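Asks: Would you mind keeping the following structure in view while I ask a few things?
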Amino acid sequence: MANAKFADAYFKMGAGFIVRWRRLLFTLLVIVSVGGLFFARNISIDNSLELWFLEGDPALEAYNEFKKKYGNDEVILAMVDCTKDGMFSPAMLTAIYKASKAIEDDKENFKRVLSVGLSPYIGLNGNDITIEDLMNGPVNTLDEAEEIRRRFFDDPFKQRILQNASSTWAIIIAEPVATPDMDDRRPFIIESVRSKLSGFNFRLAGMGVMYNELNRLSVQDGAVFNAVAYVAIATLIFILYRSWVFLFMALGAMFFSGLGFLGFYGLFGQNFNMVTIVLPTLMMILSVSDVAYAYNNYCFNSAHVKKNREEGLEHVFYEVLSPCLFTSLTNTAGFLALVTSPLDVLRVFGAFAGFACMAEYVVSMIVVAFVLGQIELKEEMQIRRPFETPVNWWMQRMPRYYVHILVIFAILSAISVYGISRLQVDTYSMGFLHESNAIRRDSDAVESTYGNYLPLEVRLLTGQSEGVKKVEFLKRLEQTIIDLEAVPGIEKPASILDVLKKMNQIMSNGDVAQTYVVPASDEAVSQLLMLYESDPDNDLEYMTDNPDYSETRLTVRVPMVSAAGLFKFEEKAREILGRNFAGTSTTWKFGGYVPLYARIISYVTWSQVSSFATAFIFVFGAIAILFKRFKAMVLVVLPNIFPIIFTLGFMGLTGIKLDIATVTIAAIAMGIVVDDTIHALYLFYDPSRSKFAPVEAVVDGIREAGPAIVATSLIYSIGFLFMVFASIKSIIFFGLLLSMTIIVALICEVTILPAQVCLLHRFLSSDFAAKTTNTASTSIGSSDE
């Protein structure tokens, strides 16, 4: 009881403070919110793969190590249409050369460019080896064009990498300079390539091109569905309540909550991505619930407020602060559960969403106090209670059908569990884009015309100095490449073998079939590499750790598929490497984007398990602390767990995958949907219902709370539903599934919760007859038997 009295005094003091200082608090809120725009201007968009991983993650460290040694694997591939004049006509060769040269000359943004115009040509000048670009300038005659064509087709590497099979499309590969600010520079780099290819019919592809499009759409979507949700919620509030006072309070709370959050987010140097872009919308939507609860209480106490506005308002906030605080705490608990995720982006989302819930609570109370403090009541207010009639109709009949209700939910639970067993965990970044999106169409066109372009990088570490020069190692590497190319989907290999075989062919002065092979001895390999090194235009830095030659790079191309598909390619490559280098000192490390991407599956799975378990403990632990009743926890678990199970089952049955966006739904939904349960339990344990039997108490409590529960649930649901207007599929699914979960939770609130009371009253009537008569607020300090 001492704890209850202390809490009671605390909330009375808080109510008095908010009411007495409402004007100053509102002024400070305006200053802080507007001032925060200074920091909000630093927020940008970043959907790059690295941001998902924690510092020190082995896959991220391998990626950074590869990039430091060999450069950027985030290349831009341009496929240029040559069907009109032919790839090897003087005009087309000249045009491709000039475009390639223009890209290469942009040294600030590009490290190197490969194309038919700038690909290295290895030849002999007398007895001396020479390495130069295949073209040194414009092509003026057919003879020059024919010589270029002959040299091009004399090199198997060029045939594989720099054209499609029919030579109707030429390939330009541009490697950007790898810098820490790559995410900021990426849009300008891609636009630079586009501008230099403006005279061509071309397609662009690459991991960076895709992420740049996701960034652009994230900005667009964030602005669109924030604005649409704002207008839709405002319209719905006015239709349901027909109150300008409520509307102004809700809009004010939404506006300052969103504005303040942007400033706080920018203060910590954070960027939005396709997961965190929903945070401002989320915060705005959550603020409506606290405003609605405060407005309903104000209307019920309008007679008191009319007699003495200051005392009346203090009484209103005394009754509002406690339940709204605990609903905000459960929201925060649900979000903070995400900090257990191994994915950095979900940790950031959970931490800032948790802060947003508590900040929204403070902002809503300040806005409500300020607006209500400006009103001079001339008569008692009659609160409009939408959905009161259907709620009353249902609650009159519900006790007769509680067995049917529980049986139906048991059947749905079984179906949902079956659906969960079919739920697939996967992430497909290109699949986030609609099939009609121009970037996705270009990527599909490149894969269908040219072939696979996404690089899977492998670092082969021989464990000894000059180990790469050993014929035994090179033979094993050659067999590895043969085995990899035999795997459907793996193609276009590139390695130091391409140089050595070409050098061997040139020095042997033979045809490709006879001399385009691995040199016969270690000495021959060393001699050829010495000759290649002597030319200043050699590109060994992209292939090996010259001059030590203890490791080399192998690149193959795989299709742009989901994380699960890329993981299979990586595992197959690992198997082949293990077989071909068994019994040697050679080890390997995968580098580049693909291994990072493949790791997401296990991280998403663990994120779902850890965040859901943590949210369960946090949320229901908070309820146990609040009500100090084991029966309260029993009553609250099923109505709030079933919506999550139903949604995950729905995803499994409909083929919606659990990915980096939808993985957050369970923890978020649990934090949100429990709010209405808390309000219902407050009324269930209210002393005014102590004379009622448990069934009568819960029916009467839901009759009182039901209309508001239905209205706020609809506002939440419609607010999230407007995310279906997004251009990124993951955001669409996030909004759709969260909206559905809230509606299912609403149904559970007015069906499962009272049905449980009916069932428990039937079998444990003696225990339920001892239902405490303390108020919900004083029950904080009581204990269950």
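Each chain of the structure tokens is named A, B, ... in the order shown, its residues numbered from 1; ligands are numbered from 1 in display order.
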Range 462-689 of chain A: which residues are helix (DSSP H, G or I) by DSSP, as a count of residues only?
Replies: 155
Asks: What lies within 10 Å of Ile678 in chain A using only C-alpha atoms, ignoring chain neighbours under 2 positions off, as a VMD selection string?
Replies: chain A and resid 323 to 324 326 to 327 330 623 626 to 627 632 636 673 to 676 680 to 684 776
Asks: Show which residues sit within 6 Å of range 44-47 of chain A, as a PyMOL selection string. Count only C-alpha atoms, and ignore same-chain residues fewer than 5 positions away.
Replies: chain A and resi 211+215+271-273
Asks: Give me a file of those residues, with N, CA and C atoms, as a PDB file, in the first residue's frame.
Replies:
ATOM      1  N   TYR A 211      20.719  -0.132 -54.744  1.00  0.00           N
ATOM      2  CA  TYR A 211      20.616   0.552 -53.463  1.00  0.00           C
ATOM      3  C   TYR A 211      20.317   2.038 -53.641  1.00  0.00           C
ATOM      4  N   ASN A 215      17.190   3.992 -52.009  1.00  0.00           N
ATOM      5  CA  ASN A 215      17.322   5.262 -51.293  1.00  0.00           C
ATOM      6  C   ASN A 215      16.351   6.297 -51.822  1.00  0.00           C
ATOM      7  N   ASN A 271      20.798   8.029 -40.199  1.00  0.00           N
ATOM      8  CA  ASN A 271      20.186   8.127 -41.519  1.00  0.00           C
ATOM      9  C   ASN A 271      18.992   7.184 -41.590  1.00  0.00           C
ATOM     10  N   PHE A 272      18.036   7.527 -42.416  1.00  0.00           N
ATOM     11  CA  PHE A 272      16.884   6.659 -42.615  1.00  0.00           C
ATOM     12  C   PHE A 272      17.220   5.573 -43.631  1.00  0.00           C
ATOM     13  N   ASN A 273      16.516   4.459 -43.507  1.00  0.00           N
ATOM     14  CA  ASN A 273      16.568   3.390 -44.500  1.00  0.00           C
ATOM     15  C   ASN A 273      15.159   2.844 -44.654  1.00  0.00           C
TER      16      ASN A 273
END
Asks: Point out the residue among A:Gln396, A:Asn109, A:Ser166, A:Ser562 with the least atom-to-atom distance to Ile189 in chain A, counting only C-alpha atoms.
Replies: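 Of the candidates, the smallest distance to Ile189 in chain A is held by A:Asn109.
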Asks: Which parts of range 183-431 of chain A does DSSP call strand (DSSP E) when run on the backbone here, written out as an MDAnalysis selection string?
Replies: chainID A and resid 202:205
